$ cat structure_17.cif   # mmCIF, C-alpha atoms and all ligand atoms
data_start
loop_
_atom_site.label_atom_id
_atom_site.label_comp_id
_atom_site.auth_asym_id
_atom_site.auth_seq_id
_atom_site.Cartn_x
_atom_site.Cartn_y
_atom_site.Cartn_z
CA MET F 13 23.05 15.34 41.14
CA THR F 14 19.38 14.32 41.57
CA LEU F 15 18.02 14.62 45.07
CA ILE F 16 15.11 12.36 45.98
CA ALA F 17 13.01 13.11 49.07
CA PHE F 18 11.79 9.79 50.45
CA HIS F 19 8.98 8.84 52.82
CA ASP F 20 7.46 5.36 53.22
CA GLY F 21 6.20 5.83 56.80
CA ILE F 22 7.56 7.09 60.08
CA GLU F 23 10.48 4.67 60.13
CA ASN F 24 11.46 4.96 56.46
CA ALA F 25 12.19 1.23 56.62
CA SER F 26 12.98 0.84 52.90
CA LEU F 27 15.02 4.05 52.38
CA ASP F 28 18.41 2.29 52.29
CA THR F 29 17.17 -0.36 49.86
CA TRP F 30 15.77 2.29 47.52
CA HIS F 31 19.02 4.26 47.79
CA TYR F 32 20.98 1.11 46.91
CA HIS F 33 18.90 0.28 43.82
CA LEU F 34 18.53 3.83 42.49
CA THR F 35 22.20 4.74 42.87
CA LYS F 36 23.05 1.50 41.04
CA SER F 37 21.05 2.79 38.07
CA ASP F 38 22.42 6.35 38.36
CA PRO F 39 25.30 7.17 40.75
CA GLN F 40 24.25 10.84 40.58
CA ILE F 41 21.09 10.04 42.56
CA SER F 42 20.89 10.63 46.30
CA VAL F 43 17.91 9.47 48.40
CA ILE F 44 17.28 11.25 51.70
CA ALA F 45 14.42 11.35 54.18
CA LEU F 46 11.62 13.79 53.37
CA SER F 47 11.80 14.92 57.00
CA ASP F 48 15.43 16.05 56.55
CA SER F 49 15.69 19.81 55.93
CA LYS F 50 18.13 19.05 53.07
CA ALA F 51 15.20 17.44 51.25
CA ASN F 52 13.81 20.97 50.70
CA ASP F 53 15.98 21.10 47.55
CA ALA F 54 14.74 17.78 46.16
CA GLU F 55 13.54 17.58 42.57
CA ILE F 56 11.84 14.22 43.07
CA ALA F 57 9.57 12.97 45.87
CA LEU F 58 9.27 9.19 46.27
CA VAL F 59 6.55 8.83 48.86
CA TRP F 60 3.76 6.93 50.56
CA ASN F 61 1.37 9.00 52.66
CA PRO F 62 3.70 12.01 53.16
CA PRO F 63 2.90 14.38 56.07
CA ASP F 64 0.37 17.05 55.05
CA GLY F 65 1.94 20.20 53.67
CA ARG F 66 5.51 18.83 53.46
CA LEU F 67 5.60 18.42 49.65
CA ALA F 68 4.61 22.08 49.26
CA GLU F 69 7.91 23.03 50.94
CA LEU F 70 9.99 21.40 48.17
CA LYS F 71 10.36 24.36 45.83
CA ASN F 72 12.35 22.51 43.12
CA LEU F 73 9.95 19.57 42.92
CA LYS F 74 9.47 18.23 39.37
CA LEU F 75 7.88 14.83 39.97
CA ILE F 76 5.98 13.01 42.71
CA CYS F 77 6.29 9.20 42.58
CA SER F 78 3.81 7.18 44.60
CA LEU F 79 5.46 4.27 46.37
CA GLY F 80 2.32 2.24 45.68
CA GLN F 81 -0.05 1.40 42.89
CA GLY F 82 -2.66 3.66 44.50
CA VAL F 83 -2.34 7.44 44.77
CA ASP F 84 -5.33 8.28 46.98
CA HIS F 85 -2.93 8.99 49.88
CA LEU F 86 -1.69 12.00 47.90
CA TRP F 87 -5.12 13.66 47.45
CA LYS F 88 -5.48 13.96 51.23
CA ASP F 89 -2.78 16.65 51.30
CA GLN F 90 -4.68 19.88 50.49
CA LYS F 91 -1.39 21.80 50.07
CA ARG F 92 0.13 19.34 47.56
CA PRO F 93 1.76 21.34 44.72
CA GLN F 94 -0.95 20.95 42.05
CA SER F 95 1.25 21.57 39.03
CA VAL F 96 3.76 18.78 39.82
CA PRO F 97 2.99 15.58 37.88
CA ILE F 98 2.40 12.33 39.76
CA ILE F 99 3.24 8.81 38.67
CA ARG F 100 2.13 5.55 40.25
CA LEU F 101 3.72 2.11 40.24
CA VAL F 102 2.52 -0.42 37.68
CA ASP F 103 4.34 -3.66 38.37
CA LEU F 104 3.56 -7.14 37.10
CA HIS F 105 5.15 -8.66 40.21
CA MET F 106 2.77 -6.67 42.42
CA SER F 107 -0.20 -7.62 40.24
CA HIS F 108 0.75 -11.29 40.57
CA ALA F 109 1.28 -10.94 44.32
CA LEU F 110 -2.16 -9.44 44.66
CA SER F 111 -3.61 -12.16 42.49
CA GLN F 112 -2.00 -14.81 44.71
CA TRP F 113 -3.56 -13.20 47.77
CA VAL F 114 -7.02 -13.20 46.14
CA ILE F 115 -6.62 -16.86 45.14
CA ALA F 116 -5.34 -17.79 48.62
CA VAL F 117 -8.27 -16.20 50.49
CA LEU F 118 -10.84 -17.36 47.95
CA LEU F 119 -9.71 -20.99 47.96
CA ASP F 120 -9.31 -20.94 51.73
CA PHE F 121 -12.97 -19.93 51.95
CA LEU F 122 -14.20 -22.34 49.28
CA ARG F 123 -12.20 -25.30 50.68
CA ASP F 124 -13.36 -24.59 54.26
CA GLY F 125 -10.00 -23.51 55.70
CA PRO F 126 -11.58 -21.98 58.87
CA PHE F 127 -13.46 -25.24 59.61
CA TYR F 128 -10.35 -27.41 59.22
CA ARG F 129 -8.19 -25.05 61.33
CA GLU F 130 -10.84 -25.27 64.03
CA ASN F 131 -10.78 -29.08 63.68
CA ARG F 132 -7.02 -29.01 64.06
CA LEU F 133 -7.30 -27.13 67.36
CA LYS F 134 -9.85 -29.68 68.61
CA ARG F 135 -7.87 -32.68 67.23
CA GLU F 136 -10.94 -33.70 65.24
CA PHE F 137 -10.86 -35.40 61.86
CA ASN F 138 -14.28 -34.27 60.58
CA LYS F 139 -15.06 -33.65 56.92
CA LEU F 140 -17.30 -31.27 55.01
CA PRO F 141 -18.46 -32.02 51.44
CA GLN F 142 -16.29 -30.09 48.98
CA THR F 143 -17.73 -27.21 46.95
CA ASN F 144 -17.75 -27.52 43.17
CA THR F 145 -15.98 -24.41 41.89
CA ILE F 146 -15.88 -25.18 38.16
CA ALA F 147 -17.70 -22.33 36.39
CA MET F 148 -18.46 -20.61 39.71
CA LYS F 149 -19.28 -17.01 38.87
CA VAL F 150 -16.83 -14.37 40.03
CA ALA F 151 -17.14 -10.60 39.56
CA ILE F 152 -14.03 -8.44 39.63
CA TYR F 153 -14.62 -4.73 40.13
CA GLY F 154 -11.63 -2.93 38.59
CA ILE F 155 -9.91 -4.44 35.55
CA GLY F 156 -6.83 -2.31 35.05
CA ALA F 157 -3.26 -3.56 35.42
CA ILE F 158 -4.07 -5.57 38.56
CA GLY F 159 -7.65 -6.71 37.93
CA SER F 160 -6.77 -8.09 34.50
CA VAL F 161 -4.08 -10.34 35.96
CA VAL F 162 -6.39 -11.51 38.76
CA ALA F 163 -9.17 -12.20 36.23
CA GLN F 164 -6.94 -14.30 33.97
CA ASN F 165 -5.43 -16.26 36.86
CA LEU F 166 -8.91 -17.06 38.20
CA GLN F 167 -10.04 -18.05 34.70
CA SER F 168 -7.18 -20.51 34.51
CA LEU F 169 -8.60 -22.10 37.71
CA GLN F 170 -11.91 -22.60 35.82
CA PHE F 171 -13.87 -19.82 37.49
CA ASP F 172 -16.38 -18.00 35.28
CA VAL F 173 -14.98 -14.46 35.53
CA SER F 174 -16.57 -11.14 34.60
CA GLY F 175 -14.83 -7.82 35.07
CA TRP F 176 -16.36 -4.42 35.74
CA ALA F 177 -15.11 -0.99 34.74
CA GLN F 178 -16.78 2.41 34.88
CA THR F 179 -15.89 3.12 31.26
CA PRO F 180 -15.14 0.62 28.45
CA LYS F 181 -11.61 -0.78 28.40
CA THR F 182 -9.76 -2.14 25.40
CA GLU F 183 -10.40 -5.80 24.57
CA ARG F 184 -9.78 -8.11 27.52
CA PRO F 185 -9.66 -11.94 27.44
CA PHE F 186 -12.65 -12.15 29.81
CA LYS F 187 -16.21 -10.80 29.91
CA GLN F 188 -16.62 -7.10 30.68
CA LYS F 189 -19.54 -5.18 32.09
CA ILE F 190 -19.54 -1.42 32.06
CA GLY F 191 -21.14 1.44 33.96
CA LYS F 192 -24.06 1.48 36.39
CA HIS F 193 -26.13 -1.18 34.62
CA GLY F 194 -23.12 -3.45 34.25
CA PHE F 195 -22.37 -3.04 37.95
CA GLU F 196 -25.89 -4.00 38.96
CA SER F 197 -26.04 -6.97 36.64
CA LEU F 198 -22.80 -8.33 38.17
CA LEU F 199 -24.09 -7.80 41.71
CA HIS F 200 -27.15 -9.92 40.97
CA SER F 201 -25.51 -12.71 39.05
CA ASN F 202 -22.26 -13.55 40.90
CA LEU F 203 -21.46 -15.38 44.11
CA ILE F 204 -17.93 -14.07 44.56
CA HIS F 205 -17.32 -10.30 44.50
CA ILE F 206 -13.77 -8.95 44.38
CA CYS F 207 -13.07 -5.22 44.73
CA LEU F 208 -9.77 -4.03 43.24
CA LEU F 209 -10.84 -0.47 42.42
CA PRO F 210 -8.82 2.70 42.98
CA LEU F 211 -10.28 5.05 45.59
CA THR F 212 -11.89 8.05 43.88
CA LYS F 213 -14.96 10.20 44.50
CA ASN F 214 -16.89 7.71 42.33
CA THR F 215 -15.82 4.62 44.26
CA LYS F 216 -15.94 5.99 47.82
CA GLY F 217 -18.71 4.17 49.70
CA LEU F 218 -19.57 2.12 46.59
CA PHE F 219 -20.18 -1.09 48.55
CA SER F 220 -23.16 0.11 50.56
CA GLN F 221 -25.95 -1.73 52.36
CA ASP F 222 -28.05 -1.54 49.20
CA VAL F 223 -25.21 -3.04 47.14
CA PHE F 224 -24.64 -5.92 49.60
CA ASN F 225 -28.42 -6.56 49.59
CA GLN F 226 -28.33 -6.98 45.81
CA MET F 227 -25.73 -9.77 45.99
CA PRO F 228 -27.21 -13.31 46.07
CA LYS F 229 -27.52 -14.85 49.53
CA GLY F 230 -24.33 -16.69 50.44
CA SER F 231 -22.06 -14.36 48.43
CA TYR F 232 -18.45 -13.86 49.51
CA PHE F 233 -16.82 -10.40 49.40
CA ILE F 234 -13.09 -9.78 48.94
CA ASN F 235 -11.53 -6.32 49.16
CA ALA F 236 -7.99 -5.40 48.18
CA GLY F 237 -9.02 -1.97 46.82
CA ARG F 238 -9.41 0.54 49.63
CA GLY F 239 -11.35 0.39 52.90
CA GLU F 240 -13.25 3.61 52.21
CA GLN F 241 -14.99 1.95 49.26
CA VAL F 242 -16.96 -0.10 51.77
CA ASP F 243 -19.63 0.82 54.30
CA GLU F 244 -18.04 -1.30 57.05
CA ARG F 245 -21.15 -1.32 59.24
CA ALA F 246 -23.25 -2.54 56.32
CA LEU F 247 -20.70 -5.26 55.55
CA LEU F 248 -20.65 -6.41 59.16
CA GLN F 249 -24.44 -6.49 59.24
CA ALA F 250 -24.59 -8.43 55.93
CA VAL F 251 -22.15 -11.04 57.33
CA ARG F 252 -23.79 -11.26 60.77
CA SER F 253 -27.25 -11.69 59.26
CA GLY F 254 -25.97 -14.56 57.10
CA HIS F 255 -26.78 -12.73 53.85
CA LEU F 256 -23.07 -12.81 53.00
CA SER F 257 -21.21 -15.99 53.89
CA GLY F 258 -18.12 -13.98 54.79
CA ALA F 259 -15.46 -11.56 53.63
CA ALA F 260 -11.69 -11.33 53.25
CA LEU F 261 -10.32 -7.82 53.71
CA ASP F 262 -6.83 -6.46 53.17
CA VAL F 263 -7.85 -2.79 53.48
CA PHE F 264 -9.89 -0.83 56.04
CA CYS F 265 -11.28 2.66 56.58
CA GLU F 266 -8.79 3.08 59.41
CA GLU F 267 -5.38 1.37 59.28
CA PRO F 268 -4.04 -0.20 61.39
CA LEU F 269 -7.49 -1.64 62.13
CA PRO F 270 -8.29 -0.37 65.67
CA VAL F 271 -8.21 -3.10 68.33
CA SER F 272 -11.80 -2.24 69.28
CA HIS F 273 -13.12 -2.64 65.71
CA PRO F 274 -16.06 -5.10 65.58
CA PHE F 275 -14.52 -6.91 62.57
CA TRP F 276 -12.08 -8.57 65.02
CA ASN F 277 -15.03 -10.31 66.71
CA GLU F 278 -16.51 -11.70 63.50
CA PRO F 279 -14.91 -15.05 62.62
CA LYS F 280 -16.36 -14.98 59.09
CA ILE F 281 -14.32 -11.87 58.28
CA SER F 282 -10.74 -12.69 57.44
CA ILE F 283 -8.46 -9.74 58.32
CA TRP F 284 -5.15 -8.98 56.59
CA PRO F 285 -2.87 -6.01 57.40
CA HIS F 286 -2.69 -4.42 53.90
CA ILE F 287 -0.13 -6.92 52.59
CA ALA F 288 -1.82 -8.31 49.46
CA ALA F 289 0.76 -6.62 47.20
CA GLN F 290 3.76 -5.02 48.86
CA THR F 291 6.06 -2.66 47.00
CA ASP F 292 9.39 -4.30 46.21
CA PRO F 293 12.20 -1.82 45.38
CA ALA F 294 13.99 -4.56 43.41
CA THR F 295 11.11 -4.94 40.92
CA THR F 296 10.07 -1.27 40.75
CA PHE F 297 13.22 0.87 40.95
CA GLU F 298 13.78 0.75 37.18
CA GLN F 299 10.47 2.42 36.39
CA ILE F 300 11.27 5.14 38.94
CA ALA F 301 14.74 5.62 37.45
CA ARG F 302 13.25 5.82 33.93
CA ALA F 303 10.63 8.34 35.06
CA ILE F 304 13.30 10.54 36.67
CA TYR F 305 15.37 10.38 33.49
CA ALA F 306 12.30 11.29 31.40
CA VAL F 307 11.34 14.28 33.55
CA LYS F 308 14.91 15.58 33.64
CA SER F 309 15.04 15.29 29.85
CA GLY F 310 11.79 17.22 29.45
CA LEU F 311 9.78 14.13 28.46
CA ALA F 312 6.55 12.74 29.91
CA PRO F 313 7.14 9.81 32.29
CA LYS F 314 5.08 6.60 32.04
CA ASN F 315 2.16 5.82 34.37
CA LEU F 316 1.19 9.44 34.83
CA VAL F 317 -1.82 9.94 37.06
CA ASP F 318 -4.75 11.95 35.75
CA PRO F 319 -5.80 14.26 38.63
CA ASN F 320 -9.32 14.56 37.18
CA ARG F 321 -9.76 10.78 37.13
CA GLU F 322 -7.92 10.55 40.48
CA TYR F 323 -5.77 7.56 39.44
C1 LIG X 1 -1.16 -0.65 47.94
O1 LIG X 1 -2.20 -0.52 48.50
C2 LIG X 1 -0.77 0.10 46.78
O2 LIG X 1 -1.41 1.12 46.47
O3 LIG X 1 0.20 -0.31 46.13
#
$ encode --input "structure_17.cif" --output "structure tokens"
Amino acid sequence: MTLIAFHDGIENASLDTWHYHLTKSDPQISVIALSDSKANDAEIALVWNPPDGRLAELKNLKLICSLGQGVDHLWKDQKRPQSVPIIRLVDLHMSHALSQWVIAVLLDFLRDGPFYRENRLKREFNKLPQTNTIAMKVAIYGIGAIGSVVAQNLQSLQFDVSGWAQTPKTERPFKQKIGKHGFESLLHSNLIHICLLPLTKNTKGLFSQDVFNQMPKGSYFINAGRGEQVDERALLQAVRSGHLSGAALDVFCEEPLPVSHPFWNEPKISIWPHIAAQTDPATTFEQIARAIYAVKSGLAPKNLVDPNREY
């Protein structure tokens, strides 16, 4: 019997679906809510943003599986059992979903979606000249499993894509810039800036007022990384002043975005409720089942997180 303690939010909306898929792969598995006292005996935690201190109460815990591609939600828990390995999801379906979101918001901006929706409300048939996007320069910050897919999909739409990483990656089929100098050179030379970075101490607050100032006037900013990578006041100021032509955001410092947040009043900021790539149990349960099998057999699971790197 393998007991999995599960938490995807207060309502545990996907618990039954995970139970269905995981027991299909191994009938000896049982998935129960992390909040249930029986979960104290669990060997596996399958979680998103678990309540602080709860994982420390699971004395048989052998593996923590993040229910997302990001793991920053786990670092917030100071009492998290440090010796228990963590894995994250790496899923081509999620990478493609995220890539579709980036393409949707980017093309909506470039093909004047807000203007035509406004027209629609006013029953007006006005036109704007179309923007030429062939060879338009796009910078993607973060070129791991997700960023690489986004980069290649944008390349196939004829954008001129460069990717940024903090340290050199293996060969990629698009241009790469590395480190601080690479970051600055991309800021200066691109009109579209897409953040897909994991949240770590190195990326927290990365998109500051100074960084927005270095982007060419008229740049567009897209964020599907994490809200805390952005100085939200600086972004708002850059958009309001007209230095940036707008932004599309799927992530925010505080989620849900508070109703009083000034972003809601800025029509050039497109707001999305953290849906760019949603976890689908049907496409990810196999990697969780394989990781459980590996850990129970004394082997290292795939997609292990490096606590020093923080992702
Ligand atoms: C979503 O933000 C994820 O980490 O998968």
$ residues_around --input "structure_17.cif" --residues "Ile158 (chain F)" --least-positions-apart "2" --cutoff "9 Å" --atoms "all atoms listed in the file" --output "list in words"
Val102, Asp103, Leu104, Met106, Ser107, His108, Leu110, Ser111, Gly154, Ile155, Gly156, Ser160, Val161, Val162, Ala163 and Leu208 of chain F
$ residues_around --input "structure_17.cif" --residues "Glu298 (chain F)" --least-positions-apart "3" --cutoff "8 Å" --atoms "all atoms listed in the file" --output "compact mmCIF listing (two decimals) with C-alpha atoms, in the coordinates of the input"
# COMPACT_ATOMS: atom_id res chain seq x y z
CA LEU F 34 18.53 3.83 42.49
CA SER F 37 21.05 2.79 38.07
CA THR F 295 11.11 -4.94 40.92
CA ALA F 301 14.74 5.62 37.45
CA ARG F 302 13.25 5.82 33.93
$ residues_near_ligand --input "structure_17.cif" --ligand "ligand LIG 1 (chain X)" --cutoff "7 Å" --atoms "only C-alpha atoms and all ligand atoms" --output "VMD selection string"
chain F and resid 79 to 83 286 289 to 291
$ residues_near_point --input "structure_17.cif" --point "(-20.7, -9.2, 40.6)" --cutoff "10 Å" --atoms "only C-alpha atoms" --output "ChimeraX atom specification"
/F:149-153,173-176,189,194-207,226-228,231,233
$ residues_around --input "structure_17.cif" --residues "Gly258 (chain F)" --least-positions-apart "4" --cutoff "6 Å" --atoms "all atoms listed in the file" --output "list in words"
Tyr232, Val251, Lys280 and Ile281 of chain F
$ closest_residue --input "structure_17.cif" --among "F:Leu209, F:Ala236, F:Val271, F:Ile304" --to "Val117 (chain F)" --atoms "only C-alpha atoms"
F:Ala236
$ residues_near_point --input "structure_17.cif" --point "(0.0, 11.4, 57.1)" --cutoff "10 Å" --atoms "all atoms listed in the file" --output "ChimeraX atom specification"
/F:21-22,60-66,85-86,88-89
$ write_last_selection --input "structure_17.cif" --atoms "C-alpha atoms" --output "short mmCIF file (atom, residue, chain, number, x, y, z; two decimals), keeping the file's coordinate frame"
data_model
loop_
_atom_site.label_atom_id
_atom_site.label_comp_id
_atom_site.auth_asym_id
_atom_site.auth_seq_id
_atom_site.Cartn_x
_atom_site.Cartn_y
_atom_site.Cartn_z
CA GLY F 21 6.20 5.83 56.80
CA ILE F 22 7.56 7.09 60.08
CA TRP F 60 3.76 6.93 50.56
CA ASN F 61 1.37 9.00 52.66
CA PRO F 62 3.70 12.01 53.16
CA PRO F 63 2.90 14.38 56.07
CA ASP F 64 0.37 17.05 55.05
CA GLY F 65 1.94 20.20 53.67
CA ARG F 66 5.51 18.83 53.46
CA HIS F 85 -2.93 8.99 49.88
CA LEU F 86 -1.69 12.00 47.90
CA LYS F 88 -5.48 13.96 51.23
CA ASP F 89 -2.78 16.65 51.30
#
$ atom_distance --input "structure_17.cif" --atom1 "CA of Ser42 (chain F)" --atom2 "CA of Val96 (chain F)"
20.0 Å
$ build_atoms --input "structure_17.cif" --residues "region 19-34 of chain F" --atoms "N, CA and C atoms" --output "short mmCIF file (atom, residue, chain, number, x, y, z; two decimals), in the frame of the given file"
data_model
loop_
_atom_site.label_atom_id
_atom_site.label_comp_id
_atom_site.auth_asym_id
_atom_site.auth_seq_id
_atom_site.Cartn_x
_atom_site.Cartn_y
_atom_site.Cartn_z
N HIS F 19 9.79 9.08 51.61
CA HIS F 19 8.98 8.84 52.82
C HIS F 19 8.11 7.61 52.58
N ASP F 20 8.34 6.54 53.36
CA ASP F 20 7.46 5.36 53.22
C ASP F 20 6.71 5.09 54.52
N GLY F 21 6.82 6.01 55.47
CA GLY F 21 6.20 5.83 56.80
C GLY F 21 7.16 6.42 57.81
N ILE F 22 6.77 6.39 59.06
CA ILE F 22 7.56 7.09 60.08
C ILE F 22 8.99 6.56 60.13
N GLU F 23 9.14 5.25 59.94
CA GLU F 23 10.48 4.67 60.13
C GLU F 23 11.33 4.66 58.86
N ASN F 24 10.73 5.00 57.73
CA ASN F 24 11.46 4.96 56.46
C ASN F 24 12.23 3.64 56.30
N ALA F 25 11.53 2.53 56.54
CA ALA F 25 12.19 1.23 56.62
C ALA F 25 12.88 0.81 55.31
N SER F 26 12.37 1.31 54.16
CA SER F 26 12.98 0.84 52.90
C SER F 26 13.88 1.90 52.25
N LEU F 27 14.21 2.98 52.98
CA LEU F 27 15.02 4.05 52.38
C LEU F 27 16.37 3.52 51.87
N ASP F 28 17.07 2.75 52.69
CA ASP F 28 18.41 2.29 52.29
C ASP F 28 18.34 1.38 51.07
N THR F 29 17.30 0.54 51.01
CA THR F 29 17.17 -0.36 49.86
C THR F 29 16.89 0.43 48.59
N TRP F 30 16.02 1.45 48.69
CA TRP F 30 15.77 2.29 47.52
C TRP F 30 17.05 3.02 47.10
N HIS F 31 17.77 3.54 48.09
CA HIS F 31 19.02 4.26 47.79
C HIS F 31 19.98 3.31 47.03
N TYR F 32 20.08 2.10 47.53
CA TYR F 32 20.98 1.11 46.91
C TYR F 32 20.60 0.88 45.44
N HIS F 33 19.32 0.60 45.19
CA HIS F 33 18.90 0.28 43.82
C HIS F 33 19.00 1.50 42.89
N LEU F 34 18.56 2.66 43.39
CA LEU F 34 18.53 3.83 42.49
C LEU F 34 19.93 4.35 42.19
#
